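Asks: My structure is in structure16.cif, and what it holds is mmCIF, C-alpha atoms and all ligand atoms:
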data_start
#
loop_
_atom_site.group_PDB
_atom_site.id
_atom_site.type_symbol
_atom_site.label_atom_id
_atom_site.label_comp_id
_atom_site.auth_asym_id
_atom_site.auth_seq_id
_atom_site.Cartn_x
_atom_site.Cartn_y
_atom_site.Cartn_z
ATOM 1 C CA GLU I 455 0.000 0.000 0.000
ATOM 2 C CA GLY I 456 1.483 3.283 -1.134
ATOM 3 C CA ILE I 457 0.858 6.813 0.030
ATOM 4 C CA GLY I 458 -1.772 7.769 -2.531
ATOM 5 C CA PRO I 459 -5.433 6.862 -2.260
ATOM 6 C CA GLN I 460 -6.493 3.317 -3.113
ATOM 7 C CA GLU I 461 -8.796 3.240 -6.118
ATOM 8 C CA TYR I 462 -11.327 0.571 -5.278
ATOM 9 C CA THR I 463 -14.213 -0.695 -7.330
ATOM 10 C CA GLY I 464 -17.426 -0.947 -5.325
ATOM 11 C CA VAL I 465 -19.168 -4.174 -6.316
ATOM 12 C CA LYS I 466 -22.938 -4.323 -5.844
ATOM 13 C CA MET I 467 -24.079 -7.800 -4.815
ATOM 14 C CA GLU I 468 -27.865 -7.802 -4.614
ATOM 15 C CA VAL I 469 -29.548 -9.852 -1.912
ATOM 16 C CA VAL I 470 -31.550 -12.652 -3.520
ATOM 17 C CA GLU I 471 -32.562 -14.430 -0.315
ATOM 18 C CA TRP I 472 -31.719 -13.468 3.234
ATOM 19 C CA GLY I 473 -30.289 -16.207 5.452
ATOM 20 C CA ALA I 474 -32.435 -17.558 8.303
ATOM 21 C CA LYS I 475 -30.736 -15.341 10.919
ATOM 22 C CA ALA I 476 -31.081 -12.171 8.896
ATOM 23 C CA LYS I 477 -34.676 -12.642 7.802
ATOM 24 C CA PRO I 478 -36.460 -11.663 11.030
ATOM 25 C CA GLU I 479 -34.247 -8.571 11.379
ATOM 26 C CA VAL I 480 -34.673 -7.172 7.919
ATOM 27 C CA GLU I 481 -37.852 -8.330 6.269
ATOM 28 C CA GLY I 482 -40.276 -5.623 5.309
ATOM 29 C CA LYS I 483 -38.098 -2.887 6.784
ATOM 30 C CA PHE I 484 -36.555 -1.068 3.861
ATOM 31 C CA ASP I 485 -39.520 0.438 1.997
ATOM 32 C CA GLY I 486 -39.218 -1.970 -0.895
ATOM 33 C CA ARG I 487 -35.660 -0.907 -1.722
ATOM 34 C CA ARG I 488 -33.358 -3.361 -3.432
ATOM 35 C CA ILE I 489 -30.615 -4.310 -0.951
ATOM 36 C CA PHE I 490 -26.980 -4.866 -1.964
ATOM 37 C CA LEU I 491 -23.991 -6.087 -0.025
ATOM 38 C CA VAL I 492 -21.247 -3.833 -1.350
ATOM 39 C CA ALA I 493 -17.693 -5.156 -1.580
ATOM 40 C CA ALA I 494 -14.566 -3.088 -2.270
ATOM 41 C CA THR I 495 -12.020 -4.685 -4.572
ATOM 42 C CA LEU I 496 -8.673 -3.693 -6.079
ATOM 43 C CA ARG I 497 -9.003 -6.424 -8.685
ATOM 44 C CA PRO I 498 -12.201 -5.882 -10.677
ATOM 45 C CA GLU I 499 -10.792 -8.036 -13.502
ATOM 46 C CA THR I 500 -11.102 -11.103 -11.271
ATOM 47 C CA MET I 501 -14.863 -10.739 -10.709
ATOM 48 C CA TYR I 502 -15.594 -13.541 -13.188
ATOM 49 C CA GLY I 503 -14.222 -15.910 -10.552
ATOM 50 C CA GLN I 504 -16.314 -14.978 -7.503
ATOM 51 C CA THR I 505 -17.383 -18.083 -5.589
ATOM 52 C CA ASN I 506 -18.783 -16.499 -2.411
ATOM 53 C CA CYS I 507 -18.585 -13.338 -0.350
ATOM 54 C CA PHE I 508 -16.983 -12.769 3.065
ATOM 55 C CA VAL I 509 -18.038 -10.705 6.060
ATOM 56 C CA GLY I 510 -16.384 -10.282 9.449
ATOM 57 C CA THR I 511 -18.152 -11.997 12.339
ATOM 58 C CA ALA I 512 -17.180 -9.255 14.796
ATOM 59 C CA ILE I 513 -18.280 -6.433 12.511
ATOM 60 C CA LYS I 514 -21.549 -4.549 12.765
ATOM 61 C CA TYR I 515 -22.951 -3.570 9.399
ATOM 62 C CA GLY I 516 -25.392 -0.813 8.631
ATOM 63 C CA VAL I 517 -28.012 -0.668 5.914
ATOM 64 C CA PHE I 518 -27.730 2.706 4.172
ATOM 65 C CA ALA I 519 -30.271 4.171 1.765
ATOM 66 C CA ILE I 520 -28.491 5.396 -1.346
ATOM 67 C CA ASN I 521 -31.726 6.681 -2.880
ATOM 68 C CA ASP I 522 -35.431 5.677 -2.854
ATOM 69 C CA LYS I 523 -34.735 2.472 -4.739
ATOM 70 C CA GLU I 524 -31.506 1.052 -3.348
ATOM 71 C CA ALA I 525 -29.710 0.488 -0.043
ATOM 72 C CA TYR I 526 -26.193 -0.785 0.672
ATOM 73 C CA VAL I 527 -25.043 -3.104 3.463
ATOM 74 C CA MET I 528 -21.554 -2.043 4.648
ATOM 75 C CA THR I 529 -19.736 -0.377 7.543
ATOM 76 C CA LEU I 530 -20.689 3.088 8.765
ATOM 77 C CA ARG I 531 -17.147 4.167 7.986
ATOM 78 C CA ALA I 532 -17.600 3.249 4.309
ATOM 79 C CA ALA I 533 -21.007 4.945 4.212
ATOM 80 C CA ARG I 534 -19.405 8.172 5.467
ATOM 81 C CA ASN I 535 -16.687 8.001 2.840
ATOM 82 C CA MET I 536 -19.231 7.318 0.117
ATOM 83 C CA ALA I 537 -21.397 10.220 1.227
ATOM 84 C CA TYR I 538 -18.413 12.567 0.906
ATOM 85 C CA GLN I 539 -17.604 11.125 -2.502
ATOM 86 C CA GLY I 540 -21.125 11.803 -3.742
ATOM 87 C CA ILE I 541 -22.090 8.155 -4.108
ATOM 88 C CA THR I 542 -25.232 8.723 -2.035
ATOM 89 C CA GLU I 543 -28.099 10.741 -3.517
ATOM 90 C CA ASN I 544 -27.421 13.812 -1.370
ATOM 91 C CA ARG I 545 -23.702 14.454 -1.070
ATOM 92 C CA GLY I 546 -22.499 14.416 2.512
ATOM 93 C CA GLU I 547 -25.729 12.931 3.831
ATOM 94 C CA ILE I 548 -25.994 9.477 5.377
ATOM 95 C CA LYS I 549 -29.360 7.797 5.770
ATOM 96 C CA GLN I 550 -29.098 4.658 7.874
ATOM 97 C CA ILE I 551 -32.212 2.470 7.733
ATOM 98 C CA GLY I 552 -31.006 -0.670 9.486
ATOM 99 C CA GLU I 553 -28.255 -2.511 11.303
ATOM 100 C CA ILE I 554 -27.142 -6.144 11.236
ATOM 101 C CA GLU I 555 -24.307 -8.157 12.762
ATOM 102 C CA GLY I 556 -21.891 -9.947 10.453
ATOM 103 C CA THR I 557 -22.755 -13.352 11.933
ATOM 104 C CA LYS I 558 -26.382 -12.873 10.918
ATOM 105 C CA LEU I 559 -25.483 -12.236 7.282
ATOM 106 C CA ILE I 560 -23.931 -15.703 6.896
ATOM 107 C CA GLY I 561 -25.948 -17.915 4.568
ATOM 108 C CA THR I 562 -27.552 -15.028 2.701
ATOM 109 C CA ARG I 563 -27.684 -15.655 -1.046
ATOM 110 C CA ILE I 564 -26.556 -12.782 -3.254
ATOM 111 C CA LYS I 565 -25.896 -11.992 -6.895
ATOM 112 C CA ALA I 566 -22.254 -11.981 -7.983
ATOM 113 C CA PRO I 567 -22.046 -9.481 -10.854
ATOM 114 C CA PHE I 568 -19.993 -10.591 -13.891
ATOM 115 C CA ALA I 569 -19.248 -13.950 -12.247
ATOM 116 C CA ILE I 570 -19.479 -17.279 -14.034
ATOM 117 C CA ASN I 571 -21.478 -18.447 -10.981
ATOM 118 C CA PRO I 572 -24.238 -15.816 -10.935
ATOM 119 C CA GLU I 573 -25.317 -16.396 -7.328
ATOM 120 C CA VAL I 574 -23.150 -17.062 -4.280
ATOM 121 C CA TYR I 575 -23.439 -17.216 -0.472
ATOM 122 C CA VAL I 576 -22.139 -15.022 2.319
ATOM 123 C CA LEU I 577 -19.532 -16.756 4.521
ATOM 124 C CA PRO I 578 -17.393 -15.769 7.541
ATOM 125 C CA MET I 579 -13.704 -14.726 7.367
ATOM 126 C CA ASP I 580 -11.475 -14.093 10.396
ATOM 127 C CA ASN I 581 -9.291 -11.426 8.820
ATOM 128 C CA VAL I 582 -11.856 -8.949 7.523
ATOM 129 C CA LEU I 583 -10.887 -5.509 8.803
ATOM 130 C CA ALA I 584 -13.595 -3.058 9.836
ATOM 131 C CA THR I 585 -11.184 -0.277 8.923
ATOM 132 C CA LYS I 586 -10.720 -1.081 5.241
ATOM 133 C CA GLY I 587 -13.044 -0.881 2.260
ATOM 134 C CA THR I 588 -16.663 -1.647 3.090
ATOM 135 C CA GLY I 589 -16.041 -4.578 5.463
ATOM 136 C CA VAL I 590 -17.473 -6.837 2.762
ATOM 137 C CA VAL I 591 -15.017 -8.853 0.654
ATOM 138 C CA THR I 592 -15.944 -10.567 -2.561
ATOM 139 C CA SER I 593 -14.152 -13.894 -2.719
ATOM 140 C CA VAL I 594 -12.054 -15.004 -5.687
ATOM 141 C CA PRO I 595 -10.125 -18.079 -4.510
ATOM 142 C CA SER I 596 -8.358 -18.612 -7.864
ATOM 143 C CA ASP I 597 -6.455 -15.328 -7.476
ATOM 144 C CA SER I 598 -6.589 -14.303 -3.817
ATOM 145 C CA PRO I 599 -4.618 -16.482 -1.369
ATOM 146 C CA ASP I 600 -6.673 -15.135 1.565
ATOM 147 C CA ASP I 601 -9.907 -16.079 -0.159
ATOM 148 C CA PHE I 602 -8.632 -19.519 -1.152
ATOM 149 C CA GLN I 603 -7.333 -20.365 2.327
ATOM 150 C CA THR I 604 -10.489 -19.154 4.052
ATOM 151 C CA LEU I 605 -12.676 -21.179 1.713
ATOM 152 C CA THR I 606 -10.455 -24.216 2.381
ATOM 153 C CA ASP I 607 -10.794 -23.739 6.170
ATOM 154 C CA LEU I 608 -14.579 -23.447 5.901
ATOM 155 C CA ARG I 609 -14.802 -26.617 3.831
ATOM 156 C CA LYS I 610 -12.658 -28.527 6.341
ATOM 157 C CA LYS I 611 -14.667 -27.493 9.393
ATOM 158 C CA PRO I 612 -18.170 -26.354 8.424
ATOM 159 C CA GLU I 613 -19.663 -27.125 11.868
ATOM 160 C CA PHE I 614 -16.926 -25.177 13.633
ATOM 161 C CA TYR I 615 -17.654 -22.161 11.466
ATOM 162 C CA GLY I 616 -21.403 -22.647 11.706
ATOM 163 C CA ILE I 617 -22.033 -22.933 7.998
ATOM 164 C CA ASP I 618 -24.006 -25.261 5.770
ATOM 165 C CA PRO I 619 -21.411 -26.990 3.510
ATOM 166 C CA LYS I 620 -23.519 -26.180 0.449
ATOM 167 C CA TRP I 621 -22.786 -22.472 0.969
ATOM 168 C CA ALA I 622 -19.076 -23.195 0.349
ATOM 169 C CA ALA I 623 -19.632 -25.670 -2.487
ATOM 170 C CA ILE I 624 -18.579 -23.560 -5.479
ATOM 171 C CA ASP I 625 -15.052 -24.428 -6.619
ATOM 172 C CA PRO I 626 -12.442 -21.847 -7.633
ATOM 173 C CA VAL I 627 -12.908 -20.709 -11.233
ATOM 174 C CA PRO I 628 -9.891 -20.082 -13.514
ATOM 175 C CA VAL I 629 -9.863 -16.420 -14.602
ATOM 176 C CA ILE I 630 -6.237 -15.460 -15.293
ATOM 177 C CA THR I 631 -3.220 -17.442 -16.403
ATOM 178 C CA THR I 632 0.332 -16.570 -15.330
ATOM 179 C CA PRO I 633 3.582 -18.095 -16.640
ATOM 180 C CA THR I 634 4.802 -19.176 -13.201
ATOM 181 C CA TYR I 635 1.613 -20.373 -11.502
ATOM 182 C CA GLY I 636 -0.775 -21.363 -14.276
ATOM 183 C CA ASP I 637 -4.490 -20.592 -14.051
ATOM 184 C CA MET I 638 -4.831 -21.113 -10.279
ATOM 185 C CA THR I 639 -2.318 -18.642 -8.913
ATOM 186 C CA ALA I 640 -3.648 -18.468 -5.344
ATOM 187 C CA PRO I 641 -3.938 -22.233 -4.700
ATOM 188 C CA ALA I 642 -0.439 -22.707 -6.205
ATOM 189 C CA LEU I 643 1.049 -20.097 -3.861
ATOM 190 C CA VAL I 644 -0.771 -21.419 -0.798
ATOM 191 C CA LYS I 645 0.752 -24.810 -1.518
ATOM 192 C CA LYS I 646 4.209 -23.447 -2.298
ATOM 193 C CA LEU I 647 4.377 -21.380 0.894
ATOM 194 C CA LYS I 648 2.895 -24.296 2.908
ATOM 195 C CA ILE I 649 0.046 -22.202 4.274
ATOM 196 C CA GLN I 650 -2.191 -24.255 6.580
ATOM 197 C CA SER I 651 -4.946 -21.914 7.691
ATOM 198 C CA GLN I 652 -6.195 -18.341 7.540
ATOM 199 C CA LYS I 653 -4.318 -17.813 10.815
ATOM 200 C CA ASP I 654 -1.004 -17.955 8.895
ATOM 201 C CA THR I 655 -1.266 -14.236 8.277
ATOM 202 C CA LYS I 656 2.430 -13.596 7.662
ATOM 203 C CA GLN I 657 2.742 -16.173 4.865
ATOM 204 C CA LEU I 658 -0.619 -15.077 3.481
ATOM 205 C CA ALA I 659 0.606 -11.494 3.248
ATOM 206 C CA GLU I 660 3.630 -12.735 1.286
ATOM 207 C CA ALA I 661 1.457 -14.883 -0.993
ATOM 208 C CA LYS I 662 -0.875 -11.937 -1.577
ATOM 209 C CA GLU I 663 2.046 -9.727 -2.610
ATOM 210 C CA ILE I 664 3.422 -12.323 -5.046
ATOM 211 C CA ALA I 665 -0.030 -13.103 -6.495
ATOM 212 C CA TYR I 666 -0.796 -9.435 -7.002
ATOM 213 C CA LYS I 667 2.487 -8.696 -8.833
ATOM 214 C CA GLU I 668 2.419 -11.890 -10.871
ATOM 215 C CA GLY I 669 -1.179 -11.287 -11.947
ATOM 216 C CA PHE I 670 -0.718 -7.613 -12.729
ATOM 217 C CA TYR I 671 2.580 -7.802 -14.640
ATOM 218 C CA SER I 672 2.367 -11.250 -16.246
ATOM 219 C CA GLY I 673 -1.277 -12.319 -16.176
ATOM 220 C CA THR I 674 -3.539 -12.876 -19.172
ATOM 221 C CA MET I 675 -7.322 -13.035 -19.038
ATOM 222 C CA ILE I 676 -8.702 -16.463 -19.972
ATOM 223 C CA VAL I 677 -12.419 -15.697 -19.535
ATOM 224 C CA GLY I 678 -14.893 -12.898 -20.095
ATOM 225 C CA GLU I 679 -15.287 -9.942 -22.428
ATOM 226 C CA PHE I 680 -11.542 -9.193 -22.399
ATOM 227 C CA LYS I 681 -10.258 -12.733 -22.812
ATOM 228 C CA GLY I 682 -6.745 -12.684 -24.311
ATOM 229 C CA LEU I 683 -5.864 -9.238 -22.950
ATOM 230 C CA SER I 684 -3.187 -8.677 -20.349
ATOM 231 C CA VAL I 685 -4.466 -8.073 -16.821
ATOM 232 C CA GLN I 686 -2.949 -4.598 -16.920
ATOM 233 C CA ASP I 687 -5.072 -3.721 -19.975
ATOM 234 C CA ALA I 688 -8.191 -5.588 -18.860
ATOM 235 C CA LYS I 689 -8.368 -4.146 -15.336
ATOM 236 C CA PRO I 690 -9.689 -0.652 -16.238
ATOM 237 C CA LYS I 691 -11.885 -2.111 -18.985
ATOM 238 C CA VAL I 692 -13.653 -4.553 -16.681
ATOM 239 C CA ARG I 693 -14.089 -1.739 -14.172
ATOM 240 C CA GLU I 694 -15.672 0.540 -16.799
ATOM 241 C CA SER I 695 -17.844 -2.308 -17.979
ATOM 242 C CA MET I 696 -19.111 -2.934 -14.433
ATOM 243 C CA ILE I 697 -19.813 0.755 -13.950
ATOM 244 C CA ALA I 698 -21.653 0.924 -17.297
ATOM 245 C CA ALA I 699 -23.750 -2.105 -16.282
ATOM 246 C CA GLY I 700 -24.688 -0.407 -12.991
ATOM 247 C CA VAL I 701 -23.108 -3.126 -10.840
ATOM 248 C CA GLY I 702 -19.927 -1.260 -9.946
ATOM 249 C CA PHE I 703 -18.769 2.216 -8.969
ATOM 250 C CA ALA I 704 -15.567 4.085 -8.229
ATOM 251 C CA TYR I 705 -14.710 4.308 -4.556
ATOM 252 C CA ALA I 706 -11.483 5.674 -3.078
ATOM 253 C CA GLU I 707 -9.978 5.742 0.392
HETATM 254 B B1 LIG C 1 -9.323 -7.921 -3.294
HETATM 255 P P1 LIG C 1 -5.583 -3.415 0.365
HETATM 256 CL CL1 LIG C 1 -8.677 -11.765 -6.512
HETATM 257 N N1 LIG C 1 -10.574 -6.629 5.132
HETATM 258 O O1 LIG C 1 -10.477 -8.242 -4.148
HETATM 259 C C1 LIG C 1 -9.721 -7.472 4.532
HETATM 260 N N2 LIG C 1 -9.552 -7.524 3.190
HETATM 261 C C2 LIG C 1 -10.268 -6.679 2.454
HETATM 262 C C3 LIG C 1 -11.181 -5.768 3.015
HETATM 263 C C4 LIG C 1 -11.328 -5.764 4.433
HETATM 264 N N3 LIG C 1 -12.180 -4.931 5.044
HETATM 265 N N4 LIG C 1 -11.771 -5.070 2.024
HETATM 266 C C5 LIG C 1 -11.231 -5.528 0.884
HETATM 267 N N5 LIG C 1 -10.339 -6.512 1.117
HETATM 268 C C6 LIG C 1 -9.548 -7.297 0.171
HETATM 269 C C7 LIG C 1 -10.264 -9.465 -4.916
HETATM 270 C C8 LIG C 1 -8.795 -9.707 -4.770
HETATM 271 C C9 LIG C 1 -8.233 -8.839 -3.867
HETATM 272 C C10 LIG C 1 -8.005 -10.642 -5.429
HETATM 273 C C11 LIG C 1 -6.655 -10.690 -5.179
HETATM 274 C C12 LIG C 1 -6.094 -9.805 -4.254
HETATM 275 C C13 LIG C 1 -6.881 -8.873 -3.593
HETATM 276 C C14 LIG C 1 -11.111 -10.589 -4.405
HETATM 277 N N6 LIG C 1 -11.074 -10.739 -3.014
HETATM 278 O O2 LIG C 1 -6.390 -7.990 -2.698
HETATM 279 O O3 LIG C 1 -5.050 -3.734 1.707
HETATM 280 C C15 LIG C 1 -10.087 -7.214 -1.218
HETATM 281 O O4 LIG C 1 -9.680 -8.348 -1.957
HETATM 282 C C16 LIG C 1 -4.994 -7.945 -2.515
HETATM 283 C C17 LIG C 1 -4.456 -6.578 -2.836
HETATM 284 O O5 LIG C 1 -6.399 -2.154 0.311
HETATM 285 C C18 LIG C 1 -9.356 -6.051 -1.880
HETATM 286 O O6 LIG C 1 -9.107 -6.482 -3.228
HETATM 287 O O7 LIG C 1 -4.493 -3.509 -0.637
HETATM 288 C C19 LIG C 1 -8.083 -5.941 -1.073
HETATM 289 O O8 LIG C 1 -8.257 -6.740 0.116
HETATM 290 C C20 LIG C 1 -7.743 -4.543 -0.651
HETATM 291 O O9 LIG C 1 -6.570 -4.639 0.112
#
Written as structure tokens, that's how I'd like the structure from this file.
Ligand code: A2H
Replies:
Amino acid sequence: EGIGPQEYTGVKMEVVEWGAKAKPEVEGKFDGRRIFLVAATLRPETMYGQTNCFVGTAIKYGVFAINDKEAYVMTLRAARNMAYQGITENRGEIKQIGEIEGTKLIGTRIKAPFAINPEVYVLPMDNVLATKGTGVVTSVPSDSPDDFQTLTDLRKKPEFYGIDPKWAAIDPVPVITTPTYGDMTAPALVKKLKIQSQKDTKQLAEAKEIAYKEGFYSGTMIVGEFKGLSVQDAKPKVRESMIAAGVGFAYAE
């Protein structure tokens, strides 16, 4: 992370069906607005490979009205930033219409824009920071070592994590090929660095760094509208395409 602002892409993941724990807290409360979990990503070009979404179990999320038709589920911190950036209808104004704990979002089914698997589930991740992005992470286990290792942990111990195994059933999807690691960069690095669990944060940070550089400088898209292009060229194009489709927006912090 450098000194300048991070240019994120906000990814709008519409709620299709609330999980059993969320239902009683949310149903009928938002004036018929469409509700989206909003993730912040630095790698919009990987969105074809979303297999699930992660929230933090210790994080409290708000539901924020963006306008009369839509509301976003994210941290208050992100809502404030978005209000200042003019992402909400009235610049500078925050309209909170609900609140929900991360644990209660688990098992909610959402749309995954641009993904080969059009609908995915919300799952728990230990290392989601409340102080970064929106507190919602879209999961791309083919290209993010953190996402791959967390998904692996959840599959090993579904009872421990309190999830239904079917929520973690979608396999990683190849999106980008790199000369050194093939079309499953994150799983290859997790293996190479002998990472055992999401608690191996030091090795995961190293894997993340390598995966990011390898993908950005040497990766080629193998799926989607920009198949055949380098990742460097495809990244802004996928972002623009998501914005044009109304499923993404520019967000900086
Ligand atoms: B990235 P940076 Cl495929 N807590 O998106 C923890 N991680 C968070 C987060 C939070 N509150 N908010 C966002 N993130 C993740 C895709 C991806 C990402 C891939 C590969 C690498 C990668 C799919 N997950 O990030 O600290 C999000 O995951 C590695 C750079 O601001 C976001 O982009 O650099 C990235 O971390 C932002 O991390």
Asks: Take atom CA of I:Val701 and atom B1 of ligand LIG 1 (chain C) and report the distance between them in Å, one decimal.
Replies: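 Taking atom CA of I:Val701 as the start and atom B1 of ligand LIG 1 (chain C) as the end point, the length is 16.4 Å.
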Asks: Show me, as JSON, numbers by chain, the residues that have an atom within 12 Å of stretch 649-656 of chain I when counting all atoms listed in the file, minus same-chain residues fewer than 3 positions from it.
Replies: {"I": [578, 579, 580, 581, 582, 599, 600, 601, 602, 603, 604, 605, 606, 607, 608, 609, 610, 611, 640, 641, 642, 643, 644, 645, 646, 659, 660, 661, 662, 663]}
Asks: Which residue is closest to ligand LIG 1 (chain C)? Choose from I:Gly473, I:Gly546, I:Pro628, I:Pro478 and count all atoms listed in the file.
Replies: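 Distance minimum relative to ligand LIG 1 (chain C) lands on I:Pro628.
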Asks: Apply the PyMOL selection byres (((chain I and resi 489-492) around 7) and not hetatm) to the file shown and report the selected residues as a count of residues only.
Replies: 17
Asks: Do you know which residues are at most 12 Å from stretch 675-688 of chain I counting only C-alpha atoms, after dropping those on the same chain fewer than 5 positions away, and could you put them as an NGL selection string?
Replies: :I and (497-503 or 568-570 or 597 or 627-632 or 636-638 or 666-670 or 693-696)
Asks: Hey, can you check how far atom C10 of ligand LIG 1 (chain C) sits from atom CA of I:Thr634?
Replies: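 Between atom C10 of ligand LIG 1 (chain C) and atom CA of I:Thr634 the gap works out to 17.2 Å.
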Asks: When the PyMOL selection byres (((chain I and resi 534) around 12) and not hetatm) is applied to the structure above, which residues does it catch, written out as a ChimeraX atom specification?
Replies: /I:516,518,520,528-533,535-542,544-550,587-588,705-707
Asks: Using only C-alpha atoms, which residue out of I:Thr639, I:Ala476, I:Thr674, I:Ala519 lies closest to I:Arg563?
Replies: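 Distance minimum relative to I:Arg563 lands on I:Ala476.
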Asks: Can you sort out the box for ligand LIG 1 (chain C), edges along x, y and z, all listed atoms in, 8 Å on every side, with centre and edge lengths in Å to one decimal, as lines of an AutoDock Vina configuration file?
Replies:
center_x = -8.3
center_y = -7.0
center_z = -0.7
size_x = 23.7
size_y = 25.6
size_z = 27.6
Asks: In Å to one decimal, how far is atom C15 of ligand LIG 1 (chain C) from atom CA of I:Ile513?
Replies: 16.0 Å
Asks: Taking into account all atoms listed in the file, which residue in the set I:Trp472, I:Phe703, I:Phe508, I:Phe484 is nearest to ligand LIG 1 (chain C)?
Replies: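 Once distances to ligand LIG 1 (chain C) are computed over all atoms listed in the file, the minimum belongs to I:Phe508.
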Asks: Please determine, counting all atoms listed in the file, which residue among I:Lys648, I:Glu543, I:Val692, I:Cys507 has the shortest atom-to-atom distance to I:Lys565.
Replies: I:Cys507
Asks: With only C-alpha atoms as the atoms that count, which of I:Thr505, I:Lys689, I:Pro633, I:Glu479 lies nearest to I:Pro572?
Replies: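 For I:Pro572, the nearest of the given residues is I:Thr505.
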Asks: Which is closest to ligand LIG 1 (chain C) among I:Thr463, I:Thr562, I:Asn571, I:Thr511, if we use all atoms listed in the file?
Replies: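 Checking each of I:Thr463, I:Thr562, I:Asn571, I:Thr511 against ligand LIG 1 (chain C), counting all atoms listed in the file, the winner is I:Thr463.
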Asks: Could you list, as an MDAnalysis selection string, every residue within 10 Å of I:Asn506, counting all atoms listed in the file and ignoring same-chain residues fewer than 3 positions away?
Replies: chainID I and resid 503 563:566 571 573:577 591:595 601 605 621:626
Asks: List, as a VMD selection string, every residue that the PyMOL selection byres (((chain I and resi 460) around 9) and not hetatm) selects in the file provided.
Replies: chain I and resid 455 to 459 461 to 462 496 705 to 707
